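The structure under discussion appears below in the form of structure tokens.
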Amino acid sequence: MNPYAVLGVEPSASDAEVRRAYLALARRFHPDANPAGEDRMREVNEAWAILGDRDRRAAFDRRAPDPGFVPDDPVEDDFDPRAQPDVPYRPPSPRQAGQRRLLTMAPVALFVAAVVTSMAGAFFDNPAMIGFAVVVFSFSCLAMVGVLLVAMADARHDEG
């Protein structure tokens, strides 16, 4: 929280200007005059607590500014992504690419088969077909998990 922004004054403002800004905001947002301004009044009071006291204001002005987000700060976690080894990308062979496409389509095909079988079982009022559809649906779920596991293994293999 920047108390200068809350009160709407510049850091170079005099004590009298800060007091006038506080009083104007206090009149505007006081809960007796504006029941919806309770949260804003709380912020105004916190800002006044800092800027109204000369010692606290001087301490606030002396503090180091917040640097904000620093994308690579080795002080935080001792991890520098630039220090990681450069592993070249190895595209899959045409055979592997074809196998991956088939593997990716297997859960979709099984799911479609399960939906068609369940609809046929419901249409013909055949519990065996509906049971078979449930089994096929279970296999489609397992196939999807298998696709994810293979993708994770490939990603791990690509890391080097």
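Ordering of the structure tokens sets the chain letters (A, B, ...); residue numbers start at 1 within each chain; ligands are numbered from 1 in the order shown.
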
Non-local contacts of range 114-121 of chain A (10 Å; only C-alpha atoms; under 4 positions in same chain excluded) as a list in words:
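Here the answer would be Val108, Ala109, Leu110, Asp125, Asn126, Pro127, Ala128, Met129, Ile130, Gly131, Phe132, Ala133, Val134, Val135, Val136, Phe137, Ser138, Phe139 and Ser140 of chain A.
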
Please determine, counting only C-alpha atoms, which residue among A:Val145, A:Ala97, A:Ala106, A:Ala58 has the shortest atom-to-atom distance to Pro11 in chain A.
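Checking each candidate against Pro11 in chain A, we get A:Ala58 as the closest.
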
For Arg156 in chain A, which of A:Val6, A:Val87, A:Arg27, A:Pro94 is the closest residue, counting only C-alpha atoms?
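Closest residue, counting only C-alpha atoms: A:Val87.
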
Have a look at A:Val150, A:Ala13, A:Met1, A:Val18 and name the one nearest to Gln96 in chain A; count only C-alpha atoms.
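Going through A:Val150, A:Ala13, A:Met1, A:Val18 one by one, the smallest distance to Gln96 in chain A is for A:Val150.
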
Considering only C-alpha atoms, state which residue in the set A:Arg63, A:Arg54, A:Arg95, A:Arg101 is at the smallest distance from Ala16 in chain A.
A:Arg54

Quick one: DSSP alpha helix (DSSP H) residues in range 79-147 of chain A, as a count of residues only?
52

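Proximity of A:Gln99, A:Ser93, A:Asn2, A:Thr104 to Glu46 in chain A, computed with only C-alpha atoms, is greatest for A:Asn2.
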
Might you pull out every residue within 9 Å of Leu103 in chain A, with only C-alpha atoms counted and same-chain residues fewer than 3 positions away left off, and present them as a list of chain:residue names?
A:Gly98, A:Gln99, A:Arg100, A:Ala106, A:Pro107, A:Ala143, A:Gly146, A:Val147

For the selection just defined, write its residues with N, CA and C atoms to a file, as a short mmCIF file (atom, residue, chain, number, x, y, z; two decimals), in the first residue's frame.
data_model
loop_
_atom_site.label_atom_id
_atom_site.label_comp_id
_atom_site.auth_asym_id
_atom_site.auth_seq_id
_atom_site.Cartn_x
_atom_site.Cartn_y
_atom_site.Cartn_z
N GLY A 98 3.77 -41.78 -36.57
CA GLY A 98 2.56 -42.52 -36.93
C GLY A 98 2.00 -43.31 -35.77
N GLN A 99 2.88 -43.94 -34.98
CA GLN A 99 2.43 -44.69 -33.82
C GLN A 99 1.79 -43.77 -32.79
N ARG A 100 2.35 -42.59 -32.60
CA ARG A 100 1.77 -41.65 -31.64
C ARG A 100 0.39 -41.19 -32.08
N ALA A 106 -6.73 -43.82 -30.32
CA ALA A 106 -7.33 -45.01 -29.74
C ALA A 106 -8.40 -44.68 -28.68
N PRO A 107 -8.14 -43.79 -27.72
CA PRO A 107 -9.18 -43.48 -26.73
C PRO A 107 -10.43 -42.86 -27.37
N ALA A 143 -7.16 -46.15 -21.83
CA ALA A 143 -6.34 -45.78 -22.98
C ALA A 143 -5.91 -44.32 -22.87
N GLY A 146 -3.16 -44.14 -20.52
CA GLY A 146 -1.97 -44.66 -21.20
C GLY A 146 -1.34 -43.62 -22.12
N VAL A 147 -2.17 -42.87 -22.84
CA VAL A 147 -1.65 -41.82 -23.72
C VAL A 147 -0.90 -40.78 -22.89
#

Spatial neighbours of His30 in chain A, 10 Å, only C-alpha atoms, chain gap at least 3 places, as a list of chain:residue names:
A:Leu25, A:Ala26, A:Arg27, A:Ala33, A:Asn34, A:Pro35, A:Ala36, A:Gly37, A:Glu38, A:Asp39, A:Arg40, A:Met41, A:Arg42, A:Val44
